[in-house]
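Novice: Just one file: input15.cif, with mmCIF, C-alpha atoms.
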data_entry
#
loop_
_atom_site.group_PDB
_atom_site.id
_atom_site.type_symbol
_atom_site.label_atom_id
_atom_site.label_comp_id
_atom_site.auth_asym_id
_atom_site.auth_seq_id
_atom_site.Cartn_x
_atom_site.Cartn_y
_atom_site.Cartn_z
ATOM 1 C CA SER U 174 -11.798 -5.179 17.453
ATOM 2 C CA THR U 175 -9.168 -6.383 19.849
ATOM 3 C CA PHE U 176 -6.798 -3.771 21.198
ATOM 4 C CA HIS U 177 -3.641 -4.464 23.150
ATOM 5 C CA GLN U 178 -3.210 -2.021 26.029
ATOM 6 C CA SER U 179 0.359 -1.175 26.907
ATOM 7 C CA GLN U 180 1.612 1.078 29.678
ATOM 8 C CA SER U 181 5.085 1.203 28.138
ATOM 9 C CA MET U 182 3.977 2.580 24.805
ATOM 10 C CA PRO U 183 4.707 6.289 24.410
ATOM 11 C CA ASP U 184 1.997 8.526 22.993
ATOM 12 C CA ALA U 185 -0.435 5.680 22.371
ATOM 13 C CA SER U 186 -3.190 4.196 24.476
ATOM 14 C CA SER U 187 -4.144 1.379 22.141
ATOM 15 C CA CYS U 188 -2.794 -0.657 19.264
ATOM 16 C CA PRO U 189 -4.138 -0.973 15.728
ATOM 17 C CA PRO U 190 -6.306 -4.023 14.988
ATOM 18 C CA THR U 191 -4.480 -7.300 14.483
ATOM 19 C CA PHE U 192 -4.811 -9.199 11.211
ATOM 20 C CA HIS U 193 -6.627 -12.493 11.911
ATOM 21 C CA TYR U 194 -6.810 -15.402 9.506
ATOM 22 C CA ASN U 195 -8.571 -18.738 9.935
ATOM 23 C CA PRO U 196 -7.496 -21.239 7.248
ATOM 24 C CA ARG U 197 -10.662 -23.288 7.794
ATOM 25 C CA THR U 198 -12.999 -20.450 6.849
ATOM 26 C CA ASP U 199 -11.087 -17.471 5.419
ATOM 27 C CA ARG U 200 -9.712 -16.621 1.997
ATOM 28 C CA LEU U 201 -6.668 -14.452 1.272
ATOM 29 C CA ARG U 202 -6.984 -11.696 -1.309
ATOM 30 C CA HIS U 203 -4.340 -9.259 -2.497
ATOM 31 C CA TYR U 204 -5.380 -5.693 -3.291
ATOM 32 C CA HIS U 205 -2.451 -5.045 -5.616
ATOM 33 C CA GLN U 206 -1.272 -1.427 -5.535
ATOM 34 C CA HIS U 207 0.836 -0.389 -8.529
ATOM 35 C CA LYS U 208 4.621 -0.678 -8.027
ATOM 36 C CA ALA U 209 4.396 -1.783 -4.423
ATOM 37 C CA GLY U 210 5.953 -5.239 -4.512
ATOM 38 C CA GLY U 211 2.777 -6.799 -5.879
ATOM 39 C CA LYS U 212 4.283 -9.730 -7.788
ATOM 40 C CA THR U 213 6.341 -10.662 -4.746
ATOM 41 C CA VAL U 214 3.282 -10.461 -2.475
ATOM 42 C CA ASN U 215 1.401 -12.704 -4.912
ATOM 43 C CA SER U 216 4.095 -15.379 -4.718
ATOM 44 C CA ILE U 217 4.037 -15.266 -0.904
ATOM 45 C CA LEU U 218 0.247 -15.580 -0.687
ATOM 46 C CA GLU U 219 0.310 -18.421 -3.215
ATOM 47 C CA ARG U 220 2.685 -20.376 -0.981
ATOM 48 C CA ILE U 221 0.623 -19.661 2.127
ATOM 49 C CA GLU U 222 -2.611 -20.919 0.573
ATOM 50 C CA SER U 223 -0.858 -23.899 -1.070
ATOM 51 C CA LYS U 224 0.498 -25.012 2.305
ATOM 52 C CA PHE U 225 -2.972 -24.985 3.849
ATOM 53 C CA ALA U 226 -4.377 -26.773 0.782
ATOM 54 C CA ASP U 227 -1.886 -29.605 1.343
ATOM 55 C CA THR U 228 -3.849 -30.611 4.442
ATOM 56 C CA ASP U 229 -7.324 -29.451 3.359
ATOM 57 C CA GLN U 230 -8.442 -30.308 -0.179
ATOM 58 C CA ASN U 231 -11.318 -27.828 0.067
ATOM 59 C CA HIS U 232 -9.023 -24.926 0.874
ATOM 60 C CA PRO U 233 -9.037 -22.421 -2.049
ATOM 61 C CA LEU U 234 -5.742 -21.747 -3.782
ATOM 62 C CA PHE U 235 -4.583 -18.179 -4.300
ATOM 63 C CA THR U 236 -4.617 -17.317 -7.999
ATOM 64 C CA ARG U 237 -5.358 -14.247 -10.054
ATOM 65 C CA ALA U 238 -7.872 -16.230 -12.087
ATOM 66 C CA ASN U 239 -10.066 -17.057 -9.089
ATOM 67 C CA GLY U 240 -10.087 -13.502 -7.784
ATOM 68 C CA GLY U 241 -7.277 -13.802 -5.272
ATOM 69 C CA GLU U 242 -5.466 -10.842 -6.794
ATOM 70 C CA ILE U 243 -7.351 -7.595 -7.382
ATOM 71 C CA HIS U 244 -5.399 -5.544 -9.919
ATOM 72 C CA GLY U 245 -5.797 -3.499 -13.074
ATOM 73 C CA ASN U 246 -8.989 -1.462 -13.501
ATOM 74 C CA ARG U 247 -10.186 -2.223 -10.009
ATOM 75 C CA LYS U 248 -12.778 -0.629 -7.802
ATOM 76 C CA SER U 249 -11.736 0.995 -4.553
ATOM 77 C CA LEU U 250 -10.916 -1.404 -1.743
ATOM 78 C CA HIS U 251 -14.004 -0.587 0.322
ATOM 79 C CA LYS U 252 -16.264 -1.329 -2.679
ATOM 80 C CA HIS U 253 -14.617 -4.711 -3.127
ATOM 81 C CA MET U 254 -15.093 -5.431 0.549
ATOM 82 C CA ARG U 255 -18.783 -4.550 0.438
ATOM 83 C CA LYS U 256 -19.334 -6.949 -2.478
ATOM 84 C CA GLY U 257 -16.994 -9.653 -1.214
ATOM 85 C CA GLU U 258 -17.460 -12.320 1.418
ATOM 86 C CA SER U 259 -17.173 -11.568 5.128
ATOM 87 C CA THR U 260 -14.488 -14.255 5.303
ATOM 88 C CA ASP U 261 -12.237 -12.504 2.746
ATOM 89 C CA ARG U 262 -8.987 -11.244 4.271
ATOM 90 C CA TYR U 263 -7.085 -8.588 2.334
ATOM 91 C CA VAL U 264 -3.384 -7.759 2.103
ATOM 92 C CA THR U 265 -2.177 -4.525 0.512
ATOM 93 C CA PHE U 266 1.049 -2.534 0.570
ATOM 94 C CA LEU U 267 1.540 1.222 0.333
ATOM 95 C CA ARG U 268 4.666 2.910 -1.004
ATOM 96 C CA GLU U 269 6.115 6.398 -0.612
ATOM 97 C CA PRO U 270 4.389 8.248 -3.502
ATOM 98 C CA THR U 271 7.445 9.905 -5.030
ATOM 99 C CA ALA U 272 9.220 6.548 -5.255
ATOM 100 C CA LYS U 273 6.055 4.885 -6.518
ATOM 101 C CA ILE U 274 5.571 7.259 -9.459
ATOM 102 C CA MET U 275 9.262 7.200 -10.366
ATOM 103 C CA SER U 276 9.303 3.401 -10.272
ATOM 104 C CA ARG U 277 6.309 3.162 -12.607
ATOM 105 C CA PHE U 278 7.829 5.705 -15.003
ATOM 106 C CA TYR U 279 11.175 3.935 -15.300
ATOM 107 C CA TYR U 280 9.504 0.518 -15.376
ATOM 108 C CA HIS U 281 7.666 1.624 -18.504
ATOM 109 C CA ARG U 282 10.748 3.298 -19.919
ATOM 110 C CA THR U 283 12.671 -0.002 -19.815
ATOM 111 C CA MET U 284 10.262 -1.269 -22.472
ATOM 112 C CA CYS U 285 11.126 1.515 -24.895
ATOM 113 C CA ASN U 286 14.015 -0.364 -26.517
ATOM 114 C CA GLY U 287 11.610 -2.811 -28.098
ATOM 115 C CA THR U 288 13.000 -5.919 -26.382
ATOM 116 C CA SER U 289 10.158 -6.412 -23.908
ATOM 117 C CA TRP U 290 7.525 -9.068 -24.512
ATOM 118 C CA MET U 291 4.981 -6.386 -23.603
ATOM 119 C CA ILE U 292 5.647 -4.458 -26.847
ATOM 120 C CA PRO U 293 3.397 -3.092 -28.226
ATOM 121 C CA CYS U 294 1.662 -1.973 -25.044
ATOM 122 C CA PHE U 295 -0.654 0.824 -23.968
ATOM 123 C CA LYS U 296 1.722 1.496 -21.073
ATOM 124 C CA LEU U 297 4.251 2.920 -23.526
ATOM 125 C CA ALA U 298 1.894 5.400 -25.150
ATOM 126 C CA GLY U 299 3.636 8.754 -24.857
ATOM 127 C CA VAL U 300 6.006 7.559 -22.122
ATOM 128 C CA CYS U 301 9.160 6.890 -24.105
ATOM 129 C CA CYS U 302 9.537 10.490 -25.223
ATOM 130 C CA LEU U 303 8.455 12.185 -21.978
ATOM 131 C CA THR U 304 10.570 13.597 -19.185
ATOM 132 C CA LEU U 305 9.668 12.551 -15.651
ATOM 133 C CA GLU U 306 8.142 15.980 -15.084
ATOM 134 C CA ASP U 307 5.957 15.723 -18.205
ATOM 135 C CA TYR U 308 4.985 12.172 -17.304
ATOM 136 C CA VAL U 309 3.657 13.313 -13.921
ATOM 137 C CA ILE U 310 1.634 16.102 -15.515
ATOM 138 C CA GLN U 311 0.300 14.170 -18.497
ATOM 139 C CA ARG U 312 0.245 10.433 -17.832
ATOM 140 C CA ALA U 313 0.958 9.344 -14.271
ATOM 141 C CA MET U 314 -1.645 7.721 -12.024
ATOM 142 C CA ASN U 315 -1.182 10.426 -9.426
ATOM 143 C CA ASN U 316 -2.757 10.051 -5.980
ATOM 144 C CA ASN U 317 -3.430 6.394 -6.794
ATOM 145 C CA GLN U 318 -3.330 5.218 -3.170
ATOM 146 C CA TYR U 319 -5.753 7.962 -2.122
ATOM 147 C CA GLU U 320 -7.966 6.993 -5.073
ATOM 148 C CA SER U 321 -8.050 3.312 -4.106
ATOM 149 C CA LEU U 322 -8.335 3.621 -0.312
ATOM 150 C CA VAL U 323 -9.937 6.991 0.559
ATOM 151 C CA ALA U 324 -11.890 8.404 -2.393
ATOM 152 C CA GLY U 325 -15.636 8.026 -1.959
ATOM 153 C CA MET U 326 -15.439 7.541 1.811
ATOM 154 C CA PRO U 327 -17.245 9.964 4.179
ATOM 155 C CA ARG U 328 -15.239 13.055 5.094
ATOM 156 C CA GLY U 329 -16.159 12.727 8.750
ATOM 157 C CA GLU U 330 -16.402 15.281 11.529
ATOM 158 C CA VAL U 331 -12.826 16.505 11.340
ATOM 159 C CA CYS U 332 -13.003 17.476 7.654
ATOM 160 C CA SER U 333 -16.655 18.420 7.359
ATOM 161 C CA PRO U 334 -18.250 18.929 10.799
ATOM 162 C CA ASN U 335 -21.558 20.199 9.384
ATOM 163 C CA HIS U 336 -21.844 17.504 6.696
ATOM 164 C CA PRO U 337 -19.713 14.541 7.792
ATOM 165 C CA THR U 338 -21.319 12.101 5.332
ATOM 166 C CA ILE U 339 -20.181 14.061 2.269
ATOM 167 C CA GLN U 340 -17.754 11.894 0.364
ATOM 168 C CA PHE U 341 -14.131 12.645 -0.427
ATOM 169 C CA GLU U 342 -13.377 13.567 -4.044
ATOM 170 C CA LYS U 343 -13.699 10.465 -6.219
ATOM 171 C CA ASP U 344 -13.562 11.716 -9.817
ATOM 172 C CA TRP U 345 -10.442 10.061 -11.214
ATOM 173 C CA GLU U 346 -9.689 12.867 -13.659
ATOM 174 C CA ALA U 347 -9.646 15.476 -10.895
ATOM 175 C CA ILE U 348 -7.602 13.186 -8.648
ATOM 176 C CA ARG U 349 -4.924 12.244 -11.182
ATOM 177 C CA ARG U 350 -4.641 15.378 -13.304
ATOM 178 C CA GLY U 351 -5.497 18.072 -10.798
ATOM 179 C CA LYS U 352 -3.416 19.547 -8.010
ATOM 180 C CA LEU U 353 -5.756 18.699 -5.146
ATOM 181 C CA THR U 354 -4.416 19.143 -1.630
ATOM 182 C CA PRO U 355 -5.689 18.050 1.784
ATOM 183 C CA ASP U 356 -6.809 21.657 2.321
ATOM 184 C CA ASP U 357 -9.030 21.377 -0.755
ATOM 185 C CA ILE U 358 -10.918 18.275 0.350
ATOM 186 C CA CYS U 359 -10.604 18.716 4.117
ATOM 187 C CA PRO U 360 -10.954 22.500 4.521
ATOM 188 C CA ASN U 361 -11.880 22.315 8.199
ATOM 189 C CA GLY U 362 -8.981 20.077 9.155
ATOM 190 C CA GLY U 363 -6.196 20.869 6.705
ATOM 191 C CA TRP U 364 -3.213 18.530 6.445
ATOM 192 C CA GLU U 365 -3.350 17.124 9.982
ATOM 193 C CA GLY U 366 -7.116 16.804 9.916
ATOM 194 C CA PHE U 367 -7.022 14.912 6.645
ATOM 195 C CA VAL U 368 -4.257 12.572 7.846
ATOM 196 C CA SER U 369 -6.259 11.947 11.023
ATOM 197 C CA ARG U 370 -9.394 11.136 9.030
ATOM 198 C CA VAL U 371 -7.476 8.781 6.727
ATOM 199 C CA GLU U 372 -6.097 7.023 9.811
ATOM 200 C CA GLU U 373 -9.679 6.451 10.954
ATOM 201 C CA ILE U 374 -10.611 5.021 7.548
ATOM 202 C CA LEU U 375 -7.611 2.704 7.409
ATOM 203 C CA LEU U 376 -8.172 1.528 10.979
ATOM 204 C CA ASP U 377 -11.804 0.728 10.168
ATOM 205 C CA LEU U 378 -10.681 -1.266 7.135
ATOM 206 C CA SER U 379 -8.062 -3.028 9.287
ATOM 207 C CA ASP U 380 -10.793 -3.966 11.737
ATOM 208 C CA MET U 381 -12.704 -5.595 8.866
ATOM 209 C CA GLY U 382 -9.795 -7.800 7.818
ATOM 210 C CA VAL U 383 -7.187 -5.748 5.944
ATOM 211 C CA PHE U 384 -3.433 -5.860 6.534
ATOM 212 C CA PHE U 385 -1.654 -2.671 5.454
ATOM 213 C CA GLY U 386 2.044 -3.153 4.785
ATOM 214 C CA ILE U 387 4.645 -0.501 4.026
ATOM 215 C CA VAL U 388 7.092 -1.099 1.179
ATOM 216 C CA GLU U 389 9.822 0.926 2.892
ATOM 217 C CA GLU U 390 9.490 -1.405 5.912
ATOM 218 C CA TRP U 391 9.209 -4.521 3.767
ATOM 219 C CA ASP U 392 10.754 -7.204 5.963
ATOM 220 C CA SER U 393 9.197 -5.884 9.166
ATOM 221 C CA ALA U 394 5.801 -5.795 7.455
ATOM 222 C CA LEU U 395 6.155 -9.398 6.299
ATOM 223 C CA LEU U 396 7.227 -10.491 9.780
ATOM 224 C CA LEU U 397 4.129 -8.849 11.297
ATOM 225 C CA LEU U 398 1.871 -10.303 8.591
ATOM 226 C CA GLY U 399 3.251 -13.772 9.231
ATOM 227 C CA GLU U 400 2.931 -13.556 13.001
ATOM 228 C CA GLU U 401 -0.543 -11.996 13.009
ATOM 229 C CA GLY U 402 -1.886 -14.340 10.347
ATOM 230 C CA GLY U 403 -0.281 -17.419 11.883
ATOM 231 C CA PHE U 404 1.621 -18.264 8.711
ATOM 232 C CA ASP U 405 4.597 -20.602 8.435
ATOM 233 C CA PRO U 406 7.758 -18.422 8.267
ATOM 234 C CA LEU U 407 9.006 -20.514 5.341
ATOM 235 C CA SER U 408 5.981 -19.366 3.367
ATOM 236 C CA MET U 409 7.098 -15.752 3.838
ATOM 237 C CA VAL U 410 10.521 -16.204 2.254
ATOM 238 C CA TYR U 411 10.751 -14.230 -0.962
ATOM 239 C CA CYS U 412 12.837 -12.985 -3.842
ATOM 240 C CA HIS U 413 12.007 -9.671 -5.454
ATOM 241 C CA LYS U 414 9.957 -10.172 -8.606
ATOM 242 C CA ASN U 415 9.320 -7.694 -11.423
ATOM 243 C CA ALA U 416 12.023 -5.356 -10.082
ATOM 244 C CA LYS U 417 14.097 -3.235 -12.456
ATOM 245 C CA ALA U 418 17.631 -2.628 -11.223
ATOM 246 C CA GLY U 419 19.498 0.572 -11.987
ATOM 247 C CA SER U 420 16.572 3.001 -12.192
ATOM 248 C CA PRO U 421 17.125 6.447 -10.653
ATOM 249 C CA LYS U 422 15.843 6.736 -7.091
ATOM 250 C CA PRO U 423 14.016 9.604 -5.353
ATOM 251 C CA ARG U 424 17.038 10.109 -3.114
ATOM 252 C CA GLU U 425 18.915 11.310 -6.172
ATOM 253 C CA LEU U 426 16.335 14.061 -6.546
ATOM 254 C CA PHE U 427 16.491 14.926 -2.855
ATOM 255 C CA ASP U 428 20.288 15.090 -2.895
ATOM 256 C CA GLY U 429 20.391 17.375 -5.915
ATOM 257 C CA ILE U 430 22.241 14.914 -8.166
ATOM 258 C CA TRP U 431 19.884 15.794 -10.994
ATOM 259 C CA GLY U 432 20.434 19.526 -10.535
ATOM 260 C CA PRO U 433 17.697 22.079 -11.416
ATOM 261 C CA GLY U 434 15.854 19.549 -13.593
ATOM 262 C CA GLY U 435 15.604 17.178 -10.658
ATOM 263 C CA GLU U 436 14.400 19.908 -8.335
ATOM 264 C CA LYS U 437 11.617 20.759 -10.774
ATOM 265 C CA ALA U 438 10.638 17.106 -11.210
ATOM 266 C CA LEU U 439 10.524 16.594 -7.437
ATOM 267 C CA SER U 440 8.412 19.729 -7.019
ATOM 268 C CA VAL U 441 5.920 18.496 -9.621
ATOM 269 C CA LEU U 442 5.822 15.012 -8.080
ATOM 270 C CA ARG U 443 4.878 16.481 -4.724
ATOM 271 C CA GLU U 444 2.449 18.983 -6.191
ATOM 272 C CA TYR U 445 0.447 16.389 -8.114
ATOM 273 C CA ASN U 446 0.522 13.764 -5.347
ATOM 274 C CA ALA U 447 -0.318 15.774 -2.244
ATOM 275 C CA LEU U 448 -3.271 13.508 -1.379
ATOM 276 C CA ASP U 449 -1.144 10.382 -1.749
ATOM 277 C CA ILE U 450 1.621 11.832 0.407
ATOM 278 C CA ALA U 451 -0.897 12.474 3.184
ATOM 279 C CA THR U 452 -2.515 9.039 2.735
ATOM 280 C CA TYR U 453 0.879 7.377 2.975
ATOM 281 C CA GLU U 454 1.676 9.406 6.098
ATOM 282 C CA ALA U 455 -1.501 8.090 7.742
ATOM 283 C CA ALA U 456 -0.557 4.491 6.884
ATOM 284 C CA ARG U 457 2.978 5.023 8.200
ATOM 285 C CA ARG U 458 1.684 6.339 11.518
ATOM 286 C CA ILE U 459 -0.526 3.278 11.948
ATOM 287 C CA PHE U 460 2.300 0.944 11.006
ATOM 288 C CA ASP U 461 4.715 2.671 13.390
ATOM 289 C CA ARG U 462 2.186 2.259 16.218
ATOM 290 C CA LYS U 463 1.827 -1.411 15.329
ATOM 291 C CA VAL U 464 5.606 -1.801 15.562
ATOM 292 C CA LYS U 465 5.628 -0.129 18.991
ATOM 293 C CA CYS U 466 2.855 -2.458 20.131
ATOM 294 C CA TRP U 467 4.833 -5.479 18.939
ATOM 295 C CA GLU U 468 7.911 -4.305 20.800
ATOM 296 C CA ALA U 469 5.930 -3.498 23.954
ATOM 297 C CA SER U 470 4.305 -6.941 23.947
ATOM 298 C CA ARG U 471 7.681 -8.655 24.320
ATOM 299 C CA ASN U 472 9.003 -9.302 27.803
ATOM 300 C CA GLU U 473 12.499 -8.329 26.742
ATOM 301 C CA SER U 474 13.249 -5.106 24.934
ATOM 302 C CA THR U 475 13.598 -6.520 21.411
ATOM 303 C CA PRO U 476 13.319 -3.949 18.621
ATOM 304 C CA LEU U 477 11.341 -5.208 15.651
ATOM 305 C CA ALA U 478 14.307 -4.354 13.405
ATOM 306 C CA SER U 479 16.472 -6.841 15.308
ATOM 307 C CA GLU U 480 13.797 -9.526 15.161
ATOM 308 C CA THR U 481 13.437 -8.915 11.438
ATOM 309 C CA ARG U 482 17.139 -9.486 10.879
ATOM 310 C CA ARG U 483 16.986 -12.694 12.930
ATOM 311 C CA TRP U 484 13.904 -13.851 11.024
ATOM 312 C CA GLN U 485 15.583 -13.205 7.651
ATOM 313 C CA THR U 486 18.656 -15.177 8.726
ATOM 314 C CA ASN U 487 16.697 -18.163 10.039
ATOM 315 C CA ALA U 488 14.280 -18.186 7.124
#
Written as structure tokens, how would this file's structure read?
Specialist:
Amino acid sequence: STFHQSQSMPDASSCPPTFHYNPRTDRLRHYHQHKAGGKTVNSILERIESKFADTDQNHPLFTRANGGEIHGNRKSLHKHMRKGESTDRYVTFLREPTAKIMSRFYYHRTMCNGTSWMIPCFKLAGVCCLTLEDYVIQRAMNNNQYESLVAGMPRGEVCSPNHPTIQFEKDWEAIRRGKLTPDDICPNGGWEGFVSRVEEILLDLSDMGVFFGIVEEWDSALLLLGEEGGFDPLSMVYCHKNAKAGSPKPRELFDGIWGPGGEKALSVLREYNALDIATYEAARRIFDRKVKCWEASRNESTPLASETRRWQTNA
């Protein structure tokens, strides 16, 4: 992998791998994480591939039908990569787990009035009459980002020094319905050891052609994706798709607006998604380092946030 050395970067000696894309040989694929801007990402990748296809008739278009989008009952990302082509380039976004679960819950709840075209739908089974707390315990796809990115990968030296090739927990029932913590599956490293090991896994996947975006840093992530991939900025322009306005937000739980019921729901969300919270933390640390590398690579001191605002305006 190519690393950018920077003397001005604090607390970092190297940068995460850069996302490279060659339109003559590579193919874009979207590993669609639930409730992480997936429909919007699809529309962006469709425009990117369509633009290249305008000048190259053999260039594959991005569609769900031809395998461009990986969604639904999918295998883990590393399994897809092992079975895919070496020229496949993957884009995936992670989202703060509390917000992710809440978004999925209220997305399904909006269908409960019977007006949605998705009625009847398996997604509604038991959801309409559940509280958020009960939903997390009984129905939610807890630890979904851990399940799709980390489960089944070797634990490594930090988590299992005597048996580093032992795999992380991969039974979906234990992952989603249990209360597994980083201490449970990384007893030698605990929270920090597990986060460190997940960073290693995500960096290895990045080195093999994966771009990890962060929903909470949406515009900055798209700017980096566009610059690293060499995409036309006009292809990156977006409108939010499949978004449901007016749903309660995690901040309302944090601020106590929901009262004791909200405190209990937040506690359960964190308890059942401890692996996802740590996985997200690892992805955030990598993304934050990537931002620092971007800023350090500029001759002038331009924060990425400022460049993002300029990019949005010009786009």
Novice: Name the residues captured by the PyMOL selection byres ((chain U and resi 251-253) around 12) when it is applied to the shown file; answer as a VMD selection string.
Specialist: chain U and resid 202 to 204 240 to 244 247 to 250 254 to 259 261 to 263 320 to 327 374 to 375 377 to 379 381 to 383
Novice: Starting from the shown file, work through the PyMOL selection byres ((chain U and resi 450-465) around 9) and note down what comes out as a ChimeraX atom specification.
Specialist: /U:182-183,185,187-191,267-271,316,318-319,322-323,354-355,364-365,367-373,375-376,385-387,393-394,397,443,446-449,466-470,476-477
Novice: Considering all atoms listed in the file, state which residue in the set U:Pro196, U:His207, U:Ala226, U:Phe384 is at the smallest distance from Glu401 in chain U.
Specialist: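 The shortest atom-to-atom distance to Glu401 in chain U comes from U:Phe384.
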Novice: Please measure the separation of CA of Thr260 in chain U and CA of Thr198 in chain U, giving the value in Å to one decimal.
Specialist: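 Value for the CA of Thr260 in chain U-CA of Thr198 in chain U distance: 6.6 Å.
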Novice: Quote the spacing between CA of Ile274 in chain U and CA of Asn315 in chain U in Å to one decimal place.
Specialist: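 Interatomic distance, CA of Ile274 in chain U to CA of Asn315 in chain U: 7.5 Å.
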Novice: Under the rule that all atoms listed in the file are counted, which of U:Met409, U:Ile348, U:Lys208, U:Gly362 is the nearest residue to Tyr280 in chain U?
Specialist: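 Result for the nearest residue to Tyr280 in chain U: U:Lys208.
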Novice: Which distance in Å separates CA of Arg200 in chain U and CA of Cys412 in chain U, to one decimal?
Specialist: 23.6 Å
Novice: Rank U:Tyr279, U:Phe266, U:Tyr308, U:Phe404 by their smallest atom-to-atom distance to Lys212 in chain U, using all atoms listed in the file, and report the top residue only.
Specialist: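 Distance minimum relative to Lys212 in chain U lands on U:Phe266.
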Novice: Nearest to Leu201 in chain U among U:Phe225, U:Tyr445, U:Tyr411, U:Phe235, with distances taken over all atoms listed in the file: which residue is it?
Specialist: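 Selected residue with least distance to Leu201 in chain U: U:Phe235.
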Novice: Restricting the calculation to only C-alpha atoms, which member of U:Gly351, U:Pro406, U:Gly363, U:Gly399 is positioned closest to Ala313 in chain U?
Specialist: U:Gly351
Novice: Of the candidates U:Cys285, U:Val410, U:Cys359, U:Ala272, which one gets nearest to His336 in chain U if we count all atoms listed in the file?
Specialist: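 Under the stated criterion, the closest residue is U:Cys359.
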Novice: List every protein, DNA or RNA residue that has at least one atom no more than 10 Å from (6.1, 17.7, -9.2) in the file's coordinates, counting all atoms listed in the file, and write the result as a PyMOL selection string.
Specialist: chain U and resi 271+305-310+352+435-447
